Each structure stands twice: as C-alpha cells, then as structure tokens.
$ cat input30.txt   # compact mmCIF, N, CA and C atoms
# COMPACT_ATOMS: atom_id res chain seq x y z
N MET A 596 -89.92 -42.11 -27.53
CA MET A 596 -89.12 -40.96 -27.87
C MET A 596 -89.49 -39.76 -27.01
N LYS A 597 -90.78 -39.66 -26.71
CA LYS A 597 -91.24 -38.54 -25.91
C LYS A 597 -90.63 -38.58 -24.52
N SER A 598 -90.51 -39.74 -23.92
CA SER A 598 -89.94 -39.84 -22.58
C SER A 598 -88.45 -39.51 -22.59
N LEU A 599 -87.76 -39.91 -23.63
CA LEU A 599 -86.34 -39.58 -23.74
C LEU A 599 -86.15 -38.08 -23.90
N ASN A 600 -86.96 -37.44 -24.68
CA ASN A 600 -86.92 -36.00 -24.87
C ASN A 600 -87.20 -35.26 -23.56
N SER A 601 -88.18 -35.71 -22.83
CA SER A 601 -88.51 -35.06 -21.57
C SER A 601 -87.40 -35.29 -20.54
N PHE A 602 -86.72 -36.44 -20.60
CA PHE A 602 -85.59 -36.71 -19.68
C PHE A 602 -84.46 -35.71 -19.91
N PHE A 603 -84.11 -35.51 -21.17
CA PHE A 603 -83.03 -34.58 -21.48
C PHE A 603 -83.41 -33.15 -21.10
N ARG A 604 -84.67 -32.79 -21.35
CA ARG A 604 -85.12 -31.45 -20.99
C ARG A 604 -85.07 -31.25 -19.48
N PHE A 605 -85.51 -32.27 -18.74
CA PHE A 605 -85.49 -32.18 -17.28
C PHE A 605 -84.06 -32.10 -16.77
N SER A 606 -83.21 -32.95 -17.32
CA SER A 606 -81.81 -32.98 -16.89
C SER A 606 -81.13 -31.65 -17.20
N PHE A 607 -81.40 -31.09 -18.38
CA PHE A 607 -80.80 -29.82 -18.76
C PHE A 607 -81.30 -28.69 -17.87
N SER A 608 -82.59 -28.64 -17.60
CA SER A 608 -83.14 -27.57 -16.77
C SER A 608 -82.67 -27.73 -15.32
N GLN A 609 -82.47 -28.97 -14.87
CA GLN A 609 -81.97 -29.20 -13.50
C GLN A 609 -80.53 -28.69 -13.38
N ARG A 610 -79.73 -28.89 -14.39
CA ARG A 610 -78.34 -28.42 -14.37
C ARG A 610 -78.26 -26.89 -14.33
N ARG A 611 -79.19 -26.24 -15.00
CA ARG A 611 -79.21 -24.79 -15.01
C ARG A 611 -79.43 -24.24 -13.60
N GLN A 612 -80.19 -24.92 -12.81
CA GLN A 612 -80.50 -24.48 -11.46
C GLN A 612 -79.32 -24.71 -10.51
N GLN A 613 -78.44 -25.65 -10.79
CA GLN A 613 -77.31 -25.98 -9.91
C GLN A 613 -76.01 -25.39 -10.45
N ARG A 614 -75.93 -24.10 -10.53
CA ARG A 614 -74.74 -23.47 -11.09
C ARG A 614 -73.64 -23.26 -10.07
N GLY A 615 -73.90 -23.06 -8.79
CA GLY A 615 -72.89 -22.76 -7.78
C GLY A 615 -72.30 -24.01 -7.16
N PHE A 616 -71.36 -23.78 -6.23
CA PHE A 616 -70.74 -24.87 -5.50
C PHE A 616 -71.50 -25.09 -4.20
N SER A 617 -71.50 -26.31 -3.75
CA SER A 617 -72.16 -26.59 -2.48
C SER A 617 -71.25 -26.16 -1.33
N LEU A 618 -71.82 -26.03 -0.15
CA LEU A 618 -71.06 -25.63 1.03
C LEU A 618 -69.96 -26.63 1.34
N VAL A 619 -70.24 -27.91 1.15
CA VAL A 619 -69.23 -28.95 1.42
C VAL A 619 -68.04 -28.80 0.48
N GLU A 620 -68.30 -28.54 -0.79
CA GLU A 620 -67.21 -28.36 -1.75
C GLU A 620 -66.35 -27.14 -1.39
N ILE A 621 -66.98 -26.07 -0.99
CA ILE A 621 -66.24 -24.86 -0.59
C ILE A 621 -65.41 -25.14 0.65
N MET A 622 -65.96 -25.85 1.62
CA MET A 622 -65.22 -26.18 2.85
C MET A 622 -64.01 -27.06 2.55
N ILE A 623 -64.15 -28.00 1.66
CA ILE A 623 -63.03 -28.88 1.30
C ILE A 623 -61.91 -28.07 0.66
N VAL A 624 -62.26 -27.18 -0.24
CA VAL A 624 -61.25 -26.33 -0.88
C VAL A 624 -60.55 -25.45 0.16
N LEU A 625 -61.30 -24.88 1.10
CA LEU A 625 -60.70 -24.04 2.14
C LEU A 625 -59.75 -24.84 3.03
N VAL A 626 -60.11 -26.07 3.36
CA VAL A 626 -59.23 -26.92 4.17
C VAL A 626 -57.94 -27.21 3.41
N ILE A 627 -58.04 -27.51 2.14
CA ILE A 627 -56.84 -27.79 1.32
C ILE A 627 -55.94 -26.56 1.25
N ILE A 628 -56.54 -25.39 0.99
CA ILE A 628 -55.75 -24.14 0.92
C ILE A 628 -55.10 -23.85 2.27
N GLY A 629 -55.84 -24.02 3.36
CA GLY A 629 -55.29 -23.79 4.70
C GLY A 629 -54.12 -24.71 5.00
N THR A 630 -54.22 -25.95 4.62
CA THR A 630 -53.13 -26.91 4.84
C THR A 630 -51.89 -26.51 4.07
N ILE A 631 -52.07 -26.13 2.83
CA ILE A 631 -50.93 -25.71 2.00
C ILE A 631 -50.29 -24.46 2.59
N LEU A 632 -51.09 -23.48 2.98
CA LEU A 632 -50.54 -22.26 3.57
C LEU A 632 -49.81 -22.56 4.88
N GLY A 633 -50.31 -23.47 5.67
CA GLY A 633 -49.65 -23.85 6.92
C GLY A 633 -48.28 -24.47 6.67
N LEU A 634 -48.19 -25.34 5.68
CA LEU A 634 -46.91 -25.97 5.35
C LEU A 634 -45.90 -24.94 4.84
N VAL A 635 -46.36 -24.04 3.98
CA VAL A 635 -45.47 -23.00 3.43
C VAL A 635 -45.00 -22.06 4.54
N ALA A 636 -45.91 -21.64 5.41
CA ALA A 636 -45.53 -20.72 6.50
C ALA A 636 -44.53 -21.38 7.44
N ASN A 637 -44.71 -22.65 7.72
CA ASN A 637 -43.78 -23.36 8.60
C ASN A 637 -42.38 -23.39 7.99
N ARG A 638 -42.29 -23.61 6.70
CA ARG A 638 -40.97 -23.61 6.05
C ARG A 638 -40.33 -22.23 6.07
N ILE A 639 -41.13 -21.20 5.84
CA ILE A 639 -40.60 -19.84 5.81
C ILE A 639 -40.09 -19.45 7.19
N PHE A 640 -40.88 -19.66 8.25
CA PHE A 640 -40.47 -19.28 9.59
C PHE A 640 -39.33 -20.15 10.08
N GLY A 641 -39.29 -21.41 9.70
CA GLY A 641 -38.18 -22.28 10.06
C GLY A 641 -36.88 -21.81 9.43
N ALA A 642 -36.97 -21.36 8.19
CA ALA A 642 -35.79 -20.85 7.49
C ALA A 642 -35.27 -19.58 8.15
N ARG A 643 -36.20 -18.74 8.60
CA ARG A 643 -35.79 -17.50 9.26
C ARG A 643 -35.08 -17.80 10.58
N ASP A 644 -35.57 -18.77 11.34
CA ASP A 644 -34.91 -19.15 12.59
C ASP A 644 -33.52 -19.72 12.34
N ARG A 645 -33.40 -20.55 11.31
CA ARG A 645 -32.08 -21.11 10.98
C ARG A 645 -31.11 -20.01 10.55
N ALA A 646 -31.61 -19.02 9.82
CA ALA A 646 -30.77 -17.91 9.39
C ALA A 646 -30.28 -17.10 10.60
N ARG A 647 -31.16 -16.89 11.58
CA ARG A 647 -30.75 -16.15 12.79
C ARG A 647 -29.74 -16.96 13.61
N ASP A 648 -29.88 -18.28 13.63
CA ASP A 648 -28.89 -19.12 14.30
C ASP A 648 -27.51 -18.91 13.69
N LYS A 649 -27.47 -18.94 12.37
CA LYS A 649 -26.19 -18.73 11.68
C LYS A 649 -25.66 -17.32 11.92
N GLN A 650 -26.57 -16.35 11.88
CA GLN A 650 -26.17 -14.95 12.04
C GLN A 650 -25.57 -14.69 13.42
N VAL A 651 -26.17 -15.25 14.47
CA VAL A 651 -25.64 -15.02 15.83
C VAL A 651 -24.26 -15.66 15.96
N LYS A 652 -24.04 -16.79 15.34
CA LYS A 652 -22.72 -17.44 15.41
C LYS A 652 -21.67 -16.61 14.67
N ILE A 653 -22.04 -16.07 13.52
CA ILE A 653 -21.11 -15.22 12.76
C ILE A 653 -20.79 -13.96 13.55
N MET A 654 -21.82 -13.36 14.15
CA MET A 654 -21.60 -12.13 14.94
C MET A 654 -20.67 -12.42 16.12
N MET A 655 -20.86 -13.56 16.78
CA MET A 655 -20.00 -13.90 17.91
C MET A 655 -18.55 -14.09 17.46
N GLN A 656 -18.37 -14.67 16.28
CA GLN A 656 -17.00 -14.82 15.75
C GLN A 656 -16.38 -13.45 15.48
N GLN A 657 -17.16 -12.52 14.93
CA GLN A 657 -16.64 -11.19 14.65
C GLN A 657 -16.30 -10.45 15.95
N ILE A 658 -17.14 -10.59 16.96
CA ILE A 658 -16.86 -9.95 18.25
C ILE A 658 -15.63 -10.59 18.88
N THR A 659 -15.50 -11.91 18.74
CA THR A 659 -14.33 -12.61 19.26
C THR A 659 -13.05 -12.08 18.61
N GLU A 660 -13.09 -11.87 17.30
CA GLU A 660 -11.92 -11.32 16.61
C GLU A 660 -11.58 -9.93 17.13
N ALA A 661 -12.61 -9.10 17.34
CA ALA A 661 -12.38 -7.75 17.88
C ALA A 661 -11.81 -7.83 19.30
N LEU A 662 -12.31 -8.75 20.10
CA LEU A 662 -11.80 -8.91 21.48
C LEU A 662 -10.35 -9.41 21.47
N GLU A 663 -10.04 -10.28 20.54
CA GLU A 663 -8.66 -10.78 20.45
C GLU A 663 -7.70 -9.65 20.04
N THR A 664 -8.13 -8.79 19.12
CA THR A 664 -7.31 -7.64 18.73
C THR A 664 -7.15 -6.69 19.91
N TYR A 665 -8.24 -6.44 20.62
CA TYR A 665 -8.19 -5.58 21.83
C TYR A 665 -7.21 -6.17 22.84
N GLN A 666 -7.32 -7.47 23.06
CA GLN A 666 -6.44 -8.14 24.03
C GLN A 666 -4.97 -8.05 23.60
N GLY A 667 -4.72 -8.15 22.29
CA GLY A 667 -3.36 -8.01 21.78
C GLY A 667 -2.80 -6.61 22.02
N ASP A 668 -3.65 -5.60 21.88
CA ASP A 668 -3.21 -4.23 22.08
C ASP A 668 -3.11 -3.86 23.56
N CYS A 669 -4.02 -4.37 24.37
CA CYS A 669 -4.14 -3.91 25.76
C CYS A 669 -3.66 -4.92 26.80
N SER A 670 -3.25 -6.10 26.36
CA SER A 670 -2.74 -7.16 27.23
C SER A 670 -3.79 -7.74 28.17
N ALA A 671 -5.05 -7.42 27.97
CA ALA A 671 -6.15 -7.99 28.76
C ALA A 671 -7.45 -7.74 28.02
N TYR A 672 -8.43 -8.57 28.31
CA TYR A 672 -9.76 -8.34 27.75
C TYR A 672 -10.45 -7.25 28.57
N PRO A 673 -11.43 -6.57 28.00
CA PRO A 673 -12.18 -5.59 28.80
C PRO A 673 -12.82 -6.30 30.00
N SER A 674 -12.94 -5.60 31.09
CA SER A 674 -13.59 -6.19 32.27
C SER A 674 -15.09 -6.28 32.02
N THR A 675 -15.78 -7.00 32.88
CA THR A 675 -17.24 -7.11 32.76
C THR A 675 -17.88 -5.74 32.85
N SER A 676 -17.38 -4.89 33.74
CA SER A 676 -17.97 -3.56 33.89
C SER A 676 -17.69 -2.68 32.67
N GLN A 677 -16.54 -2.84 32.03
CA GLN A 677 -16.25 -2.08 30.81
C GLN A 677 -17.11 -2.59 29.66
N GLY A 678 -17.31 -3.88 29.62
CA GLY A 678 -18.18 -4.50 28.63
C GLY A 678 -17.73 -4.33 27.19
N LEU A 679 -18.62 -4.61 26.29
CA LEU A 679 -18.31 -4.51 24.86
C LEU A 679 -18.22 -3.07 24.39
N ALA A 680 -18.63 -2.13 25.22
CA ALA A 680 -18.48 -0.71 24.88
C ALA A 680 -17.01 -0.35 24.75
N ALA A 681 -16.12 -1.13 25.39
CA ALA A 681 -14.68 -0.88 25.29
C ALA A 681 -14.16 -1.11 23.88
N LEU A 682 -14.94 -1.81 23.05
CA LEU A 682 -14.54 -2.01 21.65
C LEU A 682 -14.86 -0.80 20.79
N VAL A 683 -15.76 0.05 21.28
CA VAL A 683 -16.22 1.21 20.52
C VAL A 683 -15.51 2.48 20.95
N LYS A 684 -15.30 2.62 22.26
CA LYS A 684 -14.71 3.83 22.84
C LYS A 684 -13.68 3.41 23.88
N ALA A 685 -12.59 4.15 23.92
CA ALA A 685 -11.53 3.82 24.88
C ALA A 685 -12.12 3.72 26.29
N PRO A 686 -11.87 2.60 26.97
CA PRO A 686 -12.50 2.38 28.28
C PRO A 686 -11.83 3.18 29.39
N SER A 687 -12.61 3.44 30.41
CA SER A 687 -12.06 4.03 31.63
C SER A 687 -12.11 2.94 32.69
N GLY A 688 -11.37 3.10 33.72
CA GLY A 688 -11.35 2.10 34.79
C GLY A 688 -10.33 1.02 34.53
N GLU A 689 -10.36 0.02 35.36
CA GLU A 689 -9.40 -1.07 35.27
C GLU A 689 -9.99 -2.24 34.52
N PRO A 690 -9.20 -2.94 33.75
CA PRO A 690 -7.81 -2.69 33.43
C PRO A 690 -7.68 -1.56 32.42
N ALA A 691 -6.72 -0.71 32.67
CA ALA A 691 -6.47 0.43 31.78
C ALA A 691 -5.84 -0.07 30.49
N CYS A 692 -6.10 0.65 29.43
CA CYS A 692 -5.53 0.28 28.13
C CYS A 692 -4.84 1.50 27.54
N GLU A 693 -3.53 1.52 27.66
CA GLU A 693 -2.74 2.66 27.18
C GLU A 693 -2.66 2.70 25.66
N SER A 694 -2.70 1.55 25.01
CA SER A 694 -2.52 1.53 23.55
C SER A 694 -3.81 1.19 22.81
N TRP A 695 -4.93 1.68 23.31
CA TRP A 695 -6.22 1.44 22.66
C TRP A 695 -6.25 2.16 21.32
N GLY A 696 -6.79 1.49 20.32
CA GLY A 696 -7.05 2.14 19.02
C GLY A 696 -5.87 2.17 18.09
N PRO A 697 -5.76 3.14 17.27
CA PRO A 697 -6.36 4.47 17.23
C PRO A 697 -7.80 4.45 16.70
N THR A 698 -8.18 3.42 15.97
CA THR A 698 -9.56 3.33 15.50
C THR A 698 -10.32 2.34 16.38
N PRO A 699 -11.61 2.48 16.49
CA PRO A 699 -12.39 1.55 17.31
C PRO A 699 -12.29 0.12 16.78
N TYR A 700 -12.45 -0.82 17.68
CA TYR A 700 -12.42 -2.24 17.31
C TYR A 700 -13.78 -2.67 16.75
N ALA A 701 -14.81 -1.89 17.02
CA ALA A 701 -16.15 -2.12 16.47
C ALA A 701 -16.81 -0.76 16.24
N LYS A 702 -17.69 -0.68 15.26
CA LYS A 702 -18.37 0.58 14.94
C LYS A 702 -19.38 0.97 16.01
N GLU A 703 -20.07 -0.04 16.56
CA GLU A 703 -21.06 0.20 17.60
C GLU A 703 -21.16 -1.04 18.48
N GLU A 704 -21.72 -0.85 19.65
CA GLU A 704 -21.87 -1.99 20.55
C GLU A 704 -22.85 -2.99 19.91
N PRO A 705 -22.41 -4.21 19.70
CA PRO A 705 -23.23 -5.16 18.94
C PRO A 705 -24.47 -5.65 19.68
N LYS A 706 -25.50 -5.94 18.88
CA LYS A 706 -26.73 -6.55 19.39
C LYS A 706 -26.96 -7.84 18.61
N ASP A 707 -27.58 -8.80 19.26
CA ASP A 707 -27.83 -10.08 18.59
C ASP A 707 -28.96 -9.93 17.56
N PRO A 708 -29.20 -10.95 16.74
CA PRO A 708 -30.24 -10.84 15.69
C PRO A 708 -31.65 -10.59 16.22
N TRP A 709 -31.88 -10.78 17.51
CA TRP A 709 -33.19 -10.56 18.11
C TRP A 709 -33.28 -9.17 18.75
N GLY A 710 -32.23 -8.36 18.59
CA GLY A 710 -32.25 -6.98 19.06
C GLY A 710 -31.79 -6.77 20.49
N ALA A 711 -31.34 -7.82 21.15
CA ALA A 711 -30.86 -7.69 22.53
C ALA A 711 -29.34 -7.55 22.55
N ARG A 712 -28.83 -6.94 23.60
CA ARG A 712 -27.38 -6.82 23.75
C ARG A 712 -26.79 -8.17 24.12
N PHE A 713 -25.58 -8.40 23.64
CA PHE A 713 -24.87 -9.59 24.06
C PHE A 713 -24.47 -9.43 25.52
N VAL A 714 -24.50 -10.51 26.25
CA VAL A 714 -24.02 -10.51 27.63
C VAL A 714 -22.53 -10.81 27.57
N TYR A 715 -21.74 -9.98 28.24
CA TYR A 715 -20.28 -10.13 28.22
C TYR A 715 -19.80 -10.24 29.66
N GLU A 716 -19.06 -11.30 29.94
CA GLU A 716 -18.49 -11.49 31.27
C GLU A 716 -17.00 -11.80 31.11
N SER A 717 -16.16 -11.12 31.92
CA SER A 717 -14.73 -11.32 31.79
C SER A 717 -14.03 -11.06 33.11
N ASP A 718 -12.95 -11.82 33.31
CA ASP A 718 -12.09 -11.57 34.47
C ASP A 718 -10.77 -10.92 34.03
N GLY A 719 -10.67 -10.58 32.75
CA GLY A 719 -9.48 -9.95 32.20
C GLY A 719 -8.62 -10.91 31.41
N SER A 720 -8.59 -12.19 31.83
CA SER A 720 -7.77 -13.16 31.10
C SER A 720 -8.63 -14.10 30.24
N THR A 721 -9.87 -14.26 30.59
CA THR A 721 -10.82 -15.04 29.78
C THR A 721 -12.13 -14.27 29.70
N TYR A 722 -12.99 -14.68 28.80
CA TYR A 722 -14.29 -14.02 28.68
C TYR A 722 -15.32 -15.03 28.19
N GLU A 723 -16.58 -14.67 28.34
CA GLU A 723 -17.67 -15.42 27.75
C GLU A 723 -18.66 -14.43 27.17
N LEU A 724 -19.08 -14.71 25.97
CA LEU A 724 -20.04 -13.89 25.24
C LEU A 724 -21.31 -14.73 25.12
N ILE A 725 -22.46 -14.15 25.50
CA ILE A 725 -23.71 -14.92 25.55
C ILE A 725 -24.82 -14.15 24.84
N SER A 726 -25.63 -14.89 24.08
CA SER A 726 -26.88 -14.39 23.53
C SER A 726 -27.97 -15.33 24.04
N TYR A 727 -29.04 -14.76 24.60
CA TYR A 727 -30.11 -15.59 25.13
C TYR A 727 -31.11 -16.02 24.06
N GLY A 728 -30.87 -15.62 22.83
CA GLY A 728 -31.68 -16.10 21.72
C GLY A 728 -33.04 -15.44 21.62
N LYS A 729 -33.92 -16.15 20.97
CA LYS A 729 -35.25 -15.63 20.62
C LYS A 729 -36.07 -15.21 21.84
N ASP A 730 -36.01 -15.99 22.92
CA ASP A 730 -36.84 -15.69 24.10
C ASP A 730 -36.20 -14.66 25.03
N LYS A 731 -34.92 -14.34 24.80
CA LYS A 731 -34.18 -13.31 25.55
C LYS A 731 -34.14 -13.57 27.06
N LYS A 732 -34.21 -14.86 27.45
CA LYS A 732 -34.17 -15.23 28.87
C LYS A 732 -33.06 -16.25 29.11
N PRO A 733 -32.32 -16.08 30.21
CA PRO A 733 -31.27 -17.06 30.52
C PRO A 733 -31.87 -18.45 30.73
N GLY A 734 -31.22 -19.45 30.14
CA GLY A 734 -31.69 -20.83 30.29
C GLY A 734 -32.98 -21.10 29.54
N GLY A 735 -33.30 -20.25 28.61
CA GLY A 735 -34.55 -20.39 27.86
C GLY A 735 -34.45 -21.41 26.75
N GLU A 736 -35.22 -21.15 25.71
CA GLU A 736 -35.35 -22.09 24.61
C GLU A 736 -34.01 -22.48 23.99
N LYS A 737 -33.19 -21.48 23.63
CA LYS A 737 -31.90 -21.77 23.04
C LYS A 737 -30.97 -20.60 23.31
N ASP A 738 -29.94 -20.84 24.12
CA ASP A 738 -28.94 -19.82 24.42
C ASP A 738 -27.67 -20.13 23.62
N TYR A 739 -26.92 -19.09 23.32
CA TYR A 739 -25.68 -19.22 22.56
C TYR A 739 -24.54 -18.69 23.43
N SER A 740 -23.42 -19.41 23.44
CA SER A 740 -22.27 -18.99 24.23
C SER A 740 -21.02 -19.11 23.39
N SER A 741 -20.10 -18.17 23.58
CA SER A 741 -18.83 -18.23 22.84
C SER A 741 -18.02 -19.44 23.27
N LYS A 742 -18.27 -19.98 24.43
CA LYS A 742 -17.55 -21.18 24.89
C LYS A 742 -18.01 -22.44 24.17
N ASN A 743 -19.19 -22.39 23.56
CA ASN A 743 -19.73 -23.56 22.85
C ASN A 743 -19.58 -23.44 21.34
N MET A 744 -18.91 -22.41 20.85
CA MET A 744 -18.78 -22.23 19.41
C MET A 744 -17.65 -23.06 18.86

$ encode --input "input30.txt" --output "structure tokens"
Amino acid sequence: MKSLNSFFRFSFSQRRQQRGFSLVEIMIVLVIIGTILGLVANRIFGARDRARDKQVKIMMQQITEALETYQGDCSAYPSTSQGLAALVKAPSGEPACESWGPTPYAKEEPKDPWGARFVYESDGSTYELISYGKDKKPGGEKDYSSKNM
C-alpha cells in the first residue's frame, strides 16, 4: 500500500510541475493556424480578383453603350486623339460633332477597377477599348478588350 501511495503522490507532484505546453505542441498549433489563415486569405483575394474581372467587363459594356449613343448623335466614334474625354465634354478637332449632348454621355472619364485609364483607339468607324488589368502592362497577365467581350 505504501508503494501505491507514493506512486500517486509522485505522479500528482510531477503533473503539477508540467503545467505549460511544450515547444513542439506550440509549433504544431502555429502551423495549423498558419495553414488555415493561408487558405482563407487565398479565397478572399481570389474572390476580389474575380469581382474586378466582372467589374471591368461591366464598365466596358457601359462605355460601349455611351460610345454607341455618341456615334448615333455624331455619326462617328470619337477619334483616338479625342479619346474617351469626348464622352464628358464636347470634343474639338476632327471628327467634329455638331449635335453633341446636350448632357454628357459620361459623368467623368472612366478608369478601370485597378485605377488606370482605359486605352481607347478608333478610326472613327470602329473602336477598341482596352484595360491592361492588374499589372497595367500591355500583353501582361490578363488584358481585357472590347473586341473579346
């Protein structure tokens, strides 16, 4: 009986001394938390990129509608030199637009979801609207064109 009593006393006193977590246990928990945070962050940033993809396509459709209205009023699209500013303020230069407005076709010159200006190229009868996307470089990671919409 004495040995059993001393075993329990030893075991109890040993447990009192081991109250904290070991370094290995803490490291395992940190790895698990890091993995979970990495998965969550990837989903959040992926969702944001997908939202910007949709947003740039919607913006291009809205600009296309404004350009079509401009073309209906002026019988030509704004030239490359006139650019999308012709949707905000009556353009100067050729091609002239006698029946511009009376209200602007857009409130302000549009920028893509990444804060860059849309690239606009036109010969008067056709046009192309381009956003260089997240990297803002031609031929980069993902470019958007009104011809591919």

$ atom_distance --input "input30.txt" --atom1 "atom C of Gly728 of chain A" --atom2 "atom CA of Asp648 of chain A"
9.2 Å

$ residues_around --input "input30.txt" --residues "Ala691 of chain A" --least-positions-apart "3" --cutoff "8 Å" --atoms "all atoms listed in the file" --output "number ranges by chain"
A: 669-671, 686-688, 694-695

$ residues_around --input "input30.txt" --residues "Tyr722 of chain A" --least-positions-apart "4" --cutoff "8 Å" --atoms "all atoms listed in the file" --output "PDB file with N, CA and C atoms, in the frame of the given file"
ATOM      1  N   TYR A 672      -8.430  -8.570  28.310  1.00  0.00           N
ATOM      2  CA  TYR A 672      -9.760  -8.340  27.750  1.00  0.00           C
ATOM      3  C   TYR A 672     -10.450  -7.250  28.570  1.00  0.00           C
ATOM      4  N   PRO A 673     -11.430  -6.570  28.000  1.00  0.00           N
ATOM      5  CA  PRO A 673     -12.180  -5.590  28.800  1.00  0.00           C
ATOM      6  C   PRO A 673     -12.820  -6.300  30.000  1.00  0.00           C
ATOM      7  N   TYR A 715     -21.740  -9.980  28.240  1.00  0.00           N
ATOM      8  CA  TYR A 715     -20.280 -10.130  28.220  1.00  0.00           C
ATOM      9  C   TYR A 715     -19.800 -10.240  29.660  1.00  0.00           C
ATOM     10  N   GLU A 716     -19.060 -11.300  29.940  1.00  0.00           N
ATOM     11  CA  GLU A 716     -18.490 -11.490  31.270  1.00  0.00           C
ATOM     12  C   GLU A 716     -17.000 -11.800  31.110  1.00  0.00           C
ATOM     13  N   SER A 717     -16.160 -11.120  31.920  1.00  0.00           N
ATOM     14  CA  SER A 717     -14.730 -11.320  31.790  1.00  0.00           C
ATOM     15  C   SER A 717     -14.030 -11.060  33.110  1.00  0.00           C
ATOM     16  N   ASP A 718     -12.950 -11.820  33.310  1.00  0.00           N
ATOM     17  CA  ASP A 718     -12.090 -11.570  34.470  1.00  0.00           C
ATOM     18  C   ASP A 718     -10.770 -10.920  34.030  1.00  0.00           C
ATOM     19  N   SER A 741     -20.100 -18.170  23.580  1.00  0.00           N
ATOM     20  CA  SER A 741     -18.830 -18.230  22.840  1.00  0.00           C
ATOM     21  C   SER A 741     -18.020 -19.440  23.270  1.00  0.00           C
ATOM     22  N   LYS A 742     -18.270 -19.980  24.430  1.00  0.00           N
ATOM     23  CA  LYS A 742     -17.550 -21.180  24.890  1.00  0.00           C
ATOM     24  C   LYS A 742     -18.010 -22.440  24.170  1.00  0.00           C
TER      25      LYS A 742
END

$ closest_residue --input "input30.txt" --among "A:Ala685, A:Lys737, A:Glu663, A:Asn743" --to "Pro697 of chain A" --atoms "only C-alpha atoms"
A:Ala685

$ atom_distance --input "input30.txt" --atom1 "atom N of Tyr739 of chain A" --atom2 "atom C of Ile725 of chain A"
5.6 Å
